[in-house]
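Pasted below: my_file-v3.txt, compact mmCIF, C-alpha atoms.
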# COMPACT_ATOMS: atom_id res chain seq x y z
CA MET A 1 -4.70 1.91 7.31
CA SER A 2 -4.01 4.58 9.91
CA GLN A 3 -3.15 7.98 8.47
CA LYS A 4 0.43 8.34 7.31
CA HIS A 5 2.53 11.24 6.09
CA PHE A 6 5.64 11.23 3.89
CA LEU A 7 7.78 14.01 5.32
CA GLN A 8 11.21 12.37 5.15
CA PHE A 9 12.45 9.10 3.70
CA ARG A 10 12.67 7.24 6.98
CA ASP A 11 8.91 7.70 7.54
CA PHE A 12 8.40 4.45 5.59
CA SER A 13 9.89 1.00 6.14
CA ALA A 14 11.86 -1.07 3.64
CA ASP A 15 8.77 -3.24 3.18
CA GLU A 16 6.62 -0.21 2.36
CA PHE A 17 9.17 1.01 -0.17
CA GLY A 18 9.26 -2.43 -1.75
CA TYR A 19 5.50 -2.20 -2.17
CA LEU A 20 5.72 1.34 -3.58
CA PHE A 21 8.37 0.35 -6.14
CA ALA A 22 6.23 -2.57 -7.27
CA ARG A 23 3.15 -0.34 -7.56
CA THR A 24 5.14 2.28 -9.45
CA ARG A 25 6.06 -0.34 -12.03
CA VAL A 26 2.39 -1.38 -12.43
CA ILE A 27 1.13 2.20 -12.65
CA LYS A 28 3.83 3.19 -15.14
CA ASP A 29 3.04 0.17 -17.31
CA ARG A 30 -0.65 1.13 -17.36
CA PHE A 31 0.30 4.69 -18.33
CA LYS A 32 2.49 3.46 -21.19
CA ARG A 33 -0.35 1.28 -22.49
CA TYR A 34 -2.81 4.21 -22.32
CA GLU A 35 -4.92 2.22 -19.88
CA LYS A 36 -7.31 4.39 -17.90
CA TYR A 37 -6.81 3.97 -14.16
CA HIS A 38 -8.85 6.20 -11.84
CA PRO A 39 -8.59 4.92 -8.25
CA LEU A 40 -8.67 8.47 -6.84
CA VAL A 41 -11.80 9.72 -8.56
CA ASP A 42 -13.42 12.58 -6.57
CA ARG A 43 -10.24 12.97 -4.46
CA THR A 44 -8.53 16.37 -4.28
CA LEU A 45 -4.86 17.19 -3.87
CA VAL A 46 -3.88 20.64 -2.62
CA MET A 47 -0.36 21.69 -3.60
CA ILE A 48 1.18 24.51 -1.55
CA PHE A 49 4.27 26.11 -3.05
CA GLU A 50 6.55 28.51 -1.20
CA LYS A 51 9.40 27.43 -3.51
CA ALA A 52 8.63 27.40 -7.23
CA SER A 53 9.15 24.25 -9.29
CA THR A 54 8.61 22.77 -12.74
CA ARG A 55 8.95 19.03 -12.08
CA THR A 56 7.24 18.97 -8.68
CA ARG A 57 4.14 20.85 -9.82
CA LEU A 58 3.82 19.02 -13.13
CA SER A 59 4.38 15.54 -11.70
CA PHE A 60 1.91 15.97 -8.83
CA GLU A 61 -0.76 17.84 -10.80
CA ALA A 62 -0.63 15.56 -13.85
CA GLY A 63 -0.32 12.51 -11.60
CA MET A 64 -3.43 13.33 -9.59
CA GLN A 65 -5.43 13.98 -12.78
CA GLN A 66 -4.22 10.72 -14.32
CA LEU A 67 -5.48 8.90 -11.22
CA GLY A 68 -8.92 10.48 -11.69
CA GLY A 69 -8.62 13.18 -9.05
CA ALA A 70 -8.21 16.94 -9.06
CA ALA A 71 -5.27 19.13 -8.05
CA ILE A 72 -5.39 22.69 -6.72
CA TYR A 73 -2.27 24.89 -6.93
CA LEU A 74 -1.66 27.42 -4.15
CA THR A 75 1.30 29.65 -3.44
CA THR A 76 1.96 31.45 -0.18
CA ARG A 77 1.49 34.70 -2.14
CA ASP A 78 -2.13 33.90 -3.00
CA SER A 79 -3.13 32.31 0.31
CA GLN A 80 -3.40 33.52 3.88
CA LEU A 81 -0.16 31.69 4.69
CA GLY A 82 1.60 34.57 2.96
CA ARG A 83 -0.20 37.05 5.18
CA GLY A 84 0.82 35.60 8.49
CA GLU A 85 -1.80 32.93 9.13
CA PRO A 86 -0.31 30.34 11.49
CA VAL A 87 0.66 27.08 9.79
CA GLU A 88 -1.41 25.19 12.36
CA ASP A 89 -4.58 27.15 11.49
CA ALA A 90 -4.02 26.73 7.77
CA ALA A 91 -3.59 22.99 8.22
CA GLN A 92 -6.85 22.69 10.13
CA VAL A 93 -8.79 24.51 7.38
CA ILE A 94 -7.09 23.16 4.25
CA SER A 95 -7.21 19.55 5.43
CA ARG A 96 -11.00 19.80 5.89
CA MET A 97 -11.42 20.72 2.22
CA CYS A 98 -9.24 18.16 0.46
CA ASP A 99 -7.95 14.59 0.71
CA ILE A 100 -4.17 15.01 0.54
CA VAL A 101 -1.70 17.92 0.74
CA MET A 102 1.72 18.39 -0.84
CA ILE A 103 3.94 21.19 0.47
CA ARG A 104 7.13 22.54 -1.10
CA THR A 105 8.71 25.04 1.27
CA PHE A 106 11.85 26.09 3.13
CA GLU A 107 12.16 24.75 6.70
CA GLN A 108 11.27 21.13 7.46
CA GLU A 109 9.60 22.42 10.60
CA ILE A 110 6.82 23.92 8.45
CA VAL A 111 5.73 20.59 6.96
CA GLU A 112 6.07 18.89 10.36
CA ARG A 113 3.82 21.50 12.00
CA PHE A 114 1.31 21.32 9.16
CA ALA A 115 1.16 17.52 9.32
CA ALA A 116 0.68 17.58 13.10
CA HIS A 117 -2.57 19.54 12.60
CA SER A 118 -3.78 17.95 9.36
CA ARG A 119 -6.69 15.54 9.05
CA VAL A 120 -5.30 14.18 5.76
CA PRO A 121 -1.92 12.81 4.57
CA VAL A 122 0.81 15.38 3.98
CA VAL A 123 3.67 14.91 1.48
CA ASN A 124 6.96 16.79 1.56
CA GLY A 125 7.50 18.11 -1.97
CA LEU A 126 10.86 19.56 -0.88
CA THR A 127 12.31 21.37 2.10
CA ASN A 128 15.77 22.74 2.86
CA GLU A 129 16.50 19.51 4.74
CA TYR A 130 14.91 16.73 2.65
CA HIS A 131 13.55 15.81 -0.79
CA PRO A 132 12.00 12.35 -0.25
CA CYS A 133 9.88 12.24 -3.43
CA GLN A 134 12.98 12.80 -5.55
CA ILE A 135 14.85 9.88 -4.00
CA LEU A 136 11.75 7.68 -4.24
CA ALA A 137 11.83 8.25 -8.01
CA ASP A 138 15.63 7.96 -8.23
CA ILE A 139 15.74 4.58 -6.53
CA PHE A 140 12.89 3.30 -8.67
CA THR A 141 14.88 4.43 -11.73
CA PHE A 142 17.93 2.51 -10.50
CA ILE A 143 15.78 -0.60 -9.95
CA GLU A 144 14.35 -0.30 -13.47
CA HIS A 145 17.82 -0.25 -15.00
CA ARG A 146 19.93 -2.36 -12.64
CA GLY A 147 17.70 -4.26 -10.19
CA SER A 148 17.83 -4.06 -6.40
CA ILE A 149 19.85 -1.22 -4.88
CA ALA A 150 20.58 -3.22 -1.71
CA GLY A 151 24.33 -3.54 -1.18
CA LYS A 152 25.14 -1.14 -4.02
CA THR A 153 27.23 2.06 -3.78
CA VAL A 154 25.96 5.54 -4.63
CA ALA A 155 28.52 8.33 -5.07
CA TRP A 156 27.23 11.79 -4.17
CA ILE A 157 29.42 14.60 -5.50
CA GLY A 158 28.91 18.23 -4.47
CA ASP A 159 26.83 19.98 -1.83
CA SER A 160 25.52 18.06 1.18
CA ASN A 161 22.05 19.46 0.56
CA ASN A 162 18.50 18.15 0.98
CA VAL A 163 18.89 15.58 -1.81
CA CYS A 164 22.15 14.29 -0.32
CA ASN A 165 20.54 14.09 3.13
CA THR A 166 17.71 12.01 1.71
CA TRP A 167 20.09 9.63 -0.07
CA LEU A 168 21.77 9.08 3.30
CA GLN A 169 18.46 8.27 4.99
CA ALA A 170 17.51 5.96 2.13
CA ALA A 171 20.80 4.07 2.50
CA GLU A 172 19.96 3.31 6.13
CA VAL A 173 16.41 2.18 5.31
CA LEU A 174 17.21 0.11 2.20
CA GLY A 175 20.70 -1.18 3.00
CA PHE A 176 23.03 0.39 0.45
CA ASN A 177 26.08 2.65 0.78
CA VAL A 178 26.67 6.29 -0.05
CA HIS A 179 30.09 7.80 -0.77
CA VAL A 180 29.96 11.55 -0.22
CA SER A 181 32.51 14.07 -1.47
CA THR A 182 32.01 17.76 -0.74
CA PRO A 183 34.34 20.76 -0.66
CA PRO A 184 35.71 21.69 2.77
CA GLY A 185 33.07 23.48 4.80
CA TYR A 186 30.16 21.77 3.04
CA GLU A 187 30.39 18.36 4.72
CA VAL A 188 27.44 16.24 5.81
CA GLU A 189 25.83 17.24 9.11
CA PRO A 190 24.51 13.92 10.48
CA GLU A 191 21.98 15.56 12.80
CA ARG A 192 20.59 17.76 10.02
CA ALA A 193 20.48 14.73 7.71
CA GLY A 194 18.45 12.83 10.31
CA LEU A 195 20.87 9.92 10.51
CA PHE A 196 20.80 7.31 13.25
CA GLY A 197 24.28 6.01 12.46
CA THR A 198 27.16 6.17 9.99
CA ASP A 199 27.29 2.54 8.86
CA HIS A 200 26.04 3.29 5.36
CA PHE A 201 28.02 6.34 4.34
CA GLU A 202 31.63 7.38 4.00
CA GLU A 203 33.12 10.79 3.27
CA PHE A 204 35.92 11.40 0.77
CA ALA A 205 38.05 14.51 0.31
CA ASP A 206 38.69 13.63 -3.35
CA PRO A 207 35.59 13.19 -5.55
CA ILE A 208 37.46 10.70 -7.74
CA ASP A 209 37.91 8.43 -4.72
CA ALA A 210 34.20 8.72 -3.90
CA CYS A 211 33.29 7.57 -7.43
CA ARG A 212 35.67 4.63 -7.46
CA GLY A 213 33.64 1.42 -7.88
CA ALA A 214 30.29 3.21 -7.57
CA ASP A 215 27.14 1.75 -9.13
CA LEU A 216 25.53 5.19 -9.39
CA VAL A 217 27.06 8.66 -9.53
CA THR A 218 24.75 11.56 -8.75
CA THR A 219 24.90 15.27 -8.02
CA ASP A 220 22.85 18.46 -7.82
CA VAL A 221 23.34 22.16 -8.46
CA TRP A 222 26.02 23.86 -6.41
CA THR A 223 23.61 26.52 -5.14
CA SER A 224 20.24 25.26 -3.95
CA MET A 225 17.14 27.46 -3.93
CA GLY A 226 17.31 29.90 -1.04
CA PHE A 227 21.12 30.09 -1.04
CA GLU A 228 21.54 32.35 -4.09
CA ALA A 229 23.49 34.94 -2.09
CA GLU A 230 26.30 32.37 -1.78
CA ASN A 231 26.46 31.67 -5.51
CA ASP A 232 29.82 33.31 -6.32
CA GLU A 233 31.48 31.84 -3.25
CA ARG A 234 30.14 28.38 -4.07
CA ARG A 235 31.32 28.52 -7.69
CA LYS A 236 34.87 28.91 -6.44
CA ALA A 237 34.58 26.31 -3.67
CA PHE A 238 32.99 23.64 -5.90
CA ALA A 239 35.16 24.10 -9.00
CA ASP A 240 36.78 20.64 -8.59
CA TRP A 241 33.46 18.90 -7.89
CA CYS A 242 32.13 18.77 -11.46
CA VAL A 243 31.13 15.22 -12.39
CA ASP A 244 33.14 14.56 -15.54
CA ALA A 245 34.27 11.65 -17.68
CA ASP A 246 37.23 10.92 -15.39
CA MET A 247 34.89 10.39 -12.43
CA MET A 248 32.59 8.15 -14.44
CA ARG A 249 35.58 6.14 -15.68
CA VAL A 250 36.58 5.05 -12.16
CA ALA A 251 33.01 4.03 -11.33
CA ARG A 252 31.78 0.58 -12.36
CA PRO A 253 31.57 0.11 -16.14
CA ASP A 254 27.78 -0.12 -15.95
CA ALA A 255 27.41 2.79 -13.49
CA LEU A 256 24.50 5.15 -14.02
CA PHE A 257 24.49 8.93 -13.74
CA MET A 258 21.58 10.84 -12.19
CA HIS A 259 20.74 14.49 -11.54
CA CYS A 260 17.46 15.75 -10.08
CA LEU A 261 17.45 18.74 -12.50
CA PRO A 262 17.58 21.51 -13.51
CA ALA A 263 21.26 21.04 -14.40
CA HIS A 264 24.02 23.50 -15.23
CA ARG A 265 26.31 21.88 -17.79
CA GLY A 266 29.90 22.83 -17.13
CA GLU A 267 29.28 23.44 -13.43
CA GLU A 268 28.18 20.43 -11.34
CA VAL A 269 28.22 18.09 -14.37
CA ALA A 270 29.99 17.98 -17.71
CA ALA A 271 27.81 17.94 -20.82
CA GLU A 272 29.47 14.70 -21.97
CA VAL A 273 28.23 12.99 -18.81
CA ILE A 274 24.65 14.25 -18.52
CA ASP A 275 24.12 13.80 -22.26
CA GLY A 276 26.13 10.58 -22.42
CA PRO A 277 25.12 6.90 -22.55
CA GLN A 278 25.32 6.34 -18.78
CA SER A 279 22.91 9.17 -17.99
CA VAL A 280 19.32 8.26 -17.06
CA VAL A 281 18.20 11.76 -16.07
CA TRP A 282 15.19 11.80 -18.39
CA ASP A 283 13.89 8.46 -17.09
CA GLU A 284 14.56 9.79 -13.59
CA ALA A 285 12.53 12.94 -14.27
CA GLU A 286 9.59 11.01 -15.74
CA ASN A 287 9.59 8.61 -12.82
CA ARG A 288 8.70 11.43 -10.45
CA LEU A 289 5.26 11.21 -12.06
CA HIS A 290 4.81 7.47 -11.63
CA ALA A 291 6.41 7.11 -8.18
CA GLN A 292 4.29 9.94 -6.79
CA LYS A 293 1.15 8.39 -8.22
CA ALA A 294 1.99 5.20 -6.34
CA LEU A 295 2.69 7.26 -3.23
CA MET A 296 -0.63 9.13 -3.34
CA GLU A 297 -2.54 5.93 -4.03
CA TYR A 298 -0.89 4.28 -1.01
CA LEU A 299 -1.46 7.22 1.34
CA LEU A 300 -5.15 7.42 0.40
CA LEU A 301 -6.13 3.80 -0.25
CA GLY A 302 -3.53 1.65 1.46
CA ARG A 303 -2.16 -1.43 -0.29
CA ILE A 304 -3.71 -2.43 -3.61
CA GLU A 305 -3.17 -6.05 -4.54
CA ALA A 306 -4.39 -5.86 -8.15
Take the structure in this file and express it as structure tokens.
Amino acid sequence: MSQKHFLQFRDFSADEFGYLFARTRVIKDRFKRYEKYHPLVDRTLVMIFEKASTRTRLSFEAGMQQLGGAAIYLTTRDSQLGRGEPVEDAAQVISRMCDIVMIRTFEQEIVERFAAHSRVPVVNGLTNEYHPCQILADIFTFIEHRGSIAGKTVAWIGDSNNVCNTWLQAAEVLGFNVHVSTPPGYEVEPERAGLFGTDHFEEFADPIDACRGADLVTTDVWTSMGFEAENDERRKAFADWCVDADMMRVARPDALFMHCLPAHRGEEVAAEVIDGPQSVVWDEAENRLHAQKALMEYLLLGRIEA
């Protein structure tokens, strides 16, 4: 297989995602049965963090070790990237010393530039624009609980951030619909979201209307990392965009609730929702581990038929 990167959701086809979801199920089942599976023995993952994280570091580091490989954690503070080394130079050096790289940073341009000069696959662990690994895990979680997401409706409530952008890309690739409701001034920017068209999403001024008939209701914090200076302003603007029981009531009776975490109960989601029977946030969080193992296996070994 020619070298591939996973920098935004549309980098893979629907067929590739179908394969990844199937592999995630197999890999998760092996994990649950305590079956040793080491296809990436002697392979090394380098994780570069400019933005801190709990779930991203743990899921990639534990995942690589569970596949038999090793993971090295770097931050820009303890590497030459934090001292002005060009991204292109860092990519040339780092990619000669490992087998795969995950980067969690600010601008999407950084991971694109790194990948353009890397000899090994590069994975976007999060940028300001996209969070493809999160949506990979989220869609697998939906499939686990409800089957195919094709033709279904996802309601996104809150900020049109990197997670929202990635849901919109995923809808185009996998053929489902996204209802987006944001406060005025925080609407979706199609060019920033990397959309080719608008056939799979619709915007709603009222979050209740966005949730009506939805198969999945999802949200994120009101203030994403890097936008802390806007926190007070956003609290006021987003006050009516808290996912509560009323929003879940107008969704389908079997609708799921997701949140990529960490969550602020009483802000973007009510405690009765995130801790309620429709919430699958803990399955969603665990599935980052399994989906990313399938992703790394695919990027390094191609398709595995066993």
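Proximity to Thr182 (chain A) was assessed for A:Thr54, A:Ser224, A:Gln65, A:Thr219 counting only C-alpha atoms; the smallest distance is recorded for A:Thr219.
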- Taking all atoms listed in the file into account, which of A:Asp42, A:Glu187, A:Glu85, A:Glu202 comes nearest Gly68 (chain A)? A:Asp42
Enclose the full set of atoms of region 158-177 of chain A listed in the file within a box whose edges lie along x, y and z, apply 8 Å of padding to each of the six sides, and report centre and edge lengths in Å to one decimal as JSON.
{"center_x": 22.7, "center_y": 9.4, "center_z": 0.8, "size_x": 28.5, "size_y": 37.2, "size_z": 26.6}
- Task: Can you pull out every residue within 7 Å of region 263-275 of chain A, counting all atoms listed in the file, but drop anything in the same chain fewer than 6 positions away, and send it as a ChimeraX atom specification?
- Result: /A:219-222,241-245
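Every protein or nucleic acid residue with an atom no more than 10 Å from Lys51 (chain A), counting only C-alpha atoms and leaving out same-chain residues fewer than 4 positions away, appears here: A:Thr75, A:Thr76, A:Ile103, A:Arg104, A:Thr105, A:Phe106, A:Gly125, A:Leu126, A:Thr127, A:Met225, A:Gly226.
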Given all atoms listed in the file, how would the per-residue table for region 104-141 of chain A near region 164-171 of chain A read, listing every residue at most 10 Å away with its closest atom pair and distance in Å to one decimal, sorted by chain and number, as JSON lines?
{"residue": "A:Asn128", "atom": "CA", "partner": "A:Asn165", "partner_atom": "CA", "distance": 9.9}
{"residue": "A:Glu129", "atom": "CA", "partner": "A:Asn165", "partner_atom": "CA", "distance": 6.9}
{"residue": "A:Tyr130", "atom": "CA", "partner": "A:Thr166", "partner_atom": "CA", "distance": 5.6}
{"residue": "A:His131", "atom": "CA", "partner": "A:Thr166", "partner_atom": "CA", "distance": 6.2}
{"residue": "A:Pro132", "atom": "CA", "partner": "A:Thr166", "partner_atom": "CA", "distance": 6.0}
{"residue": "A:Cys133", "atom": "CA", "partner": "A:Thr166", "partner_atom": "CA", "distance": 9.4}
{"residue": "A:Gln134", "atom": "CA", "partner": "A:Thr166", "partner_atom": "CA", "distance": 8.7}
{"residue": "A:Ile135", "atom": "CA", "partner": "A:Trp167", "partner_atom": "CA", "distance": 6.6}
{"residue": "A:Leu136", "atom": "CA", "partner": "A:Ala170", "partner_atom": "CA", "distance": 8.8}
{"residue": "A:Asp138", "atom": "CA", "partner": "A:Trp167", "partner_atom": "CA", "distance": 9.4}
{"residue": "A:Ile139", "atom": "CA", "partner": "A:Ala170", "partner_atom": "CA", "distance": 8.9}
- Within 10 Å of region 297-300 of chain A using all atoms listed in the file, minus same-chain residues under 6 positions, as a PyMOL selection string: chain A and resi 1-6+16+19-20+23+39-40+43+64+67+99-100+120-123+291
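With all atoms listed in the file as the atoms that count, the minimum distance from Arg252 (chain A) to the choices A:Leu289, A:Val154, A:Val280, A:Ile304 is reached by A:Val154.
Counting only C-alpha atoms, the residue from A:Ala116, A:Ala150, A:Val163, A:Ala71 that sits nearest to Gln8 (chain A) is A:Val163.
Here CA of Trp282 (chain A) is placed at a distance of 13.1 Å from CA of Glu144 (chain A).
Using all atoms listed in the file, the nearest neighbour of Glu305 (chain A) within the list A:Phe114, A:Ala22, A:His259, A:Asp232 is A:Ala22.
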- Message: Set the distance at 12 Å and use only C-alpha atoms: which residues neighbour Pro184 (chain A) once local chain neighbours fewer than 6 positions away are removed? I'd like the list as number ranges by chain.
- Response: A: 158-160, 203-207, 234, 236-238, 240-241
- Item | Within-8 Å shell of (12.6, -4.6, 6.1) in input frame, only C-alpha atoms, as a list in words | Ser13, Ala14, Asp15, Val173 and Leu174 of chain A
Preceding selection exported with C-alpha atoms as a PDB file, in the frame of the given file:
ATOM      1  CA  SER A  13       9.890   1.000   6.140  1.00  0.00           C
ATOM      2  CA  ALA A  14      11.860  -1.070   3.640  1.00  0.00           C
ATOM      3  CA  ASP A  15       8.770  -3.240   3.180  1.00  0.00           C
ATOM      4  CA  VAL A 173      16.410   2.180   5.310  1.00  0.00           C
ATOM      5  CA  LEU A 174      17.210   0.110   2.200  1.00  0.00           C
TER       6      LEU A 174
END
- If we count only C-alpha atoms, what is near region 92-98 of chain A at a cut-off of 7 Å, once residues fewer than 6 positions away on the same chain are taken out, given as a PyMOL selection string? chain A and resi 44-46+117-120
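Comparing the minimum interatomic distances between Cys260 (chain A) and each of A:Glu286, A:Asp246, A:Glu109, A:Asp11, counting only C-alpha atoms, we find that A:Glu286 sits nearest.
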- Message: Could you tell me how far CA of Asp215 (chain A) sits from CA of Phe140 (chain A), in Å to one decimal place?
- Response: 14.3 Å
Grab region 164-179 of chain A from that structure and dump N, CA and C atoms to a file, as a short mmCIF file (atom, residue, chain, number, x, y, z; two decimals), in the first residue's frame.
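Generated file (decode-v3.cif):
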data_model
loop_
_atom_site.label_atom_id
_atom_site.label_comp_id
_atom_site.auth_asym_id
_atom_site.auth_seq_id
_atom_site.Cartn_x
_atom_site.Cartn_y
_atom_site.Cartn_z
N CYS A 164 -17.10 19.68 15.15
CA CYS A 164 -18.24 19.92 14.25
C CYS A 164 -17.80 19.84 12.79
N ASN A 165 -16.69 20.49 12.46
CA ASN A 165 -16.19 20.45 11.08
C ASN A 165 -15.98 19.01 10.61
N THR A 166 -15.47 18.18 11.50
CA THR A 166 -15.16 16.80 11.12
C THR A 166 -16.44 15.99 10.97
N TRP A 167 -17.45 16.24 11.81
CA TRP A 167 -18.74 15.60 11.60
C TRP A 167 -19.30 15.94 10.22
N LEU A 168 -19.13 17.18 9.80
CA LEU A 168 -19.65 17.61 8.50
C LEU A 168 -18.92 16.90 7.36
N GLN A 169 -17.61 16.76 7.48
CA GLN A 169 -16.87 16.00 6.46
C GLN A 169 -17.31 14.55 6.44
N ALA A 170 -17.47 13.97 7.63
CA ALA A 170 -17.87 12.56 7.73
C ALA A 170 -19.23 12.32 7.08
N ALA A 171 -20.14 13.28 7.24
CA ALA A 171 -21.47 13.15 6.64
C ALA A 171 -21.38 13.05 5.13
N GLU A 172 -20.48 13.83 4.52
CA GLU A 172 -20.31 13.77 3.07
C GLU A 172 -19.71 12.44 2.64
N VAL A 173 -18.75 11.93 3.40
CA VAL A 173 -18.07 10.69 3.03
C VAL A 173 -18.98 9.48 3.23
N LEU A 174 -19.74 9.46 4.34
CA LEU A 174 -20.48 8.25 4.73
C LEU A 174 -21.98 8.35 4.49
N GLY A 175 -22.46 9.49 4.00
CA GLY A 175 -23.85 9.58 3.58
C GLY A 175 -24.87 9.67 4.69
N PHE A 176 -24.61 10.52 5.69
CA PHE A 176 -25.63 10.81 6.70
C PHE A 176 -25.82 12.33 6.76
N ASN A 177 -26.67 12.80 7.65
CA ASN A 177 -27.01 14.22 7.71
C ASN A 177 -26.63 14.81 9.06
N VAL A 178 -26.24 16.07 9.04
CA VAL A 178 -25.90 16.77 10.27
C VAL A 178 -26.76 18.03 10.38
N HIS A 179 -27.47 18.15 11.50
CA HIS A 179 -28.21 19.37 11.84
C HIS A 179 -27.34 20.17 12.79
#
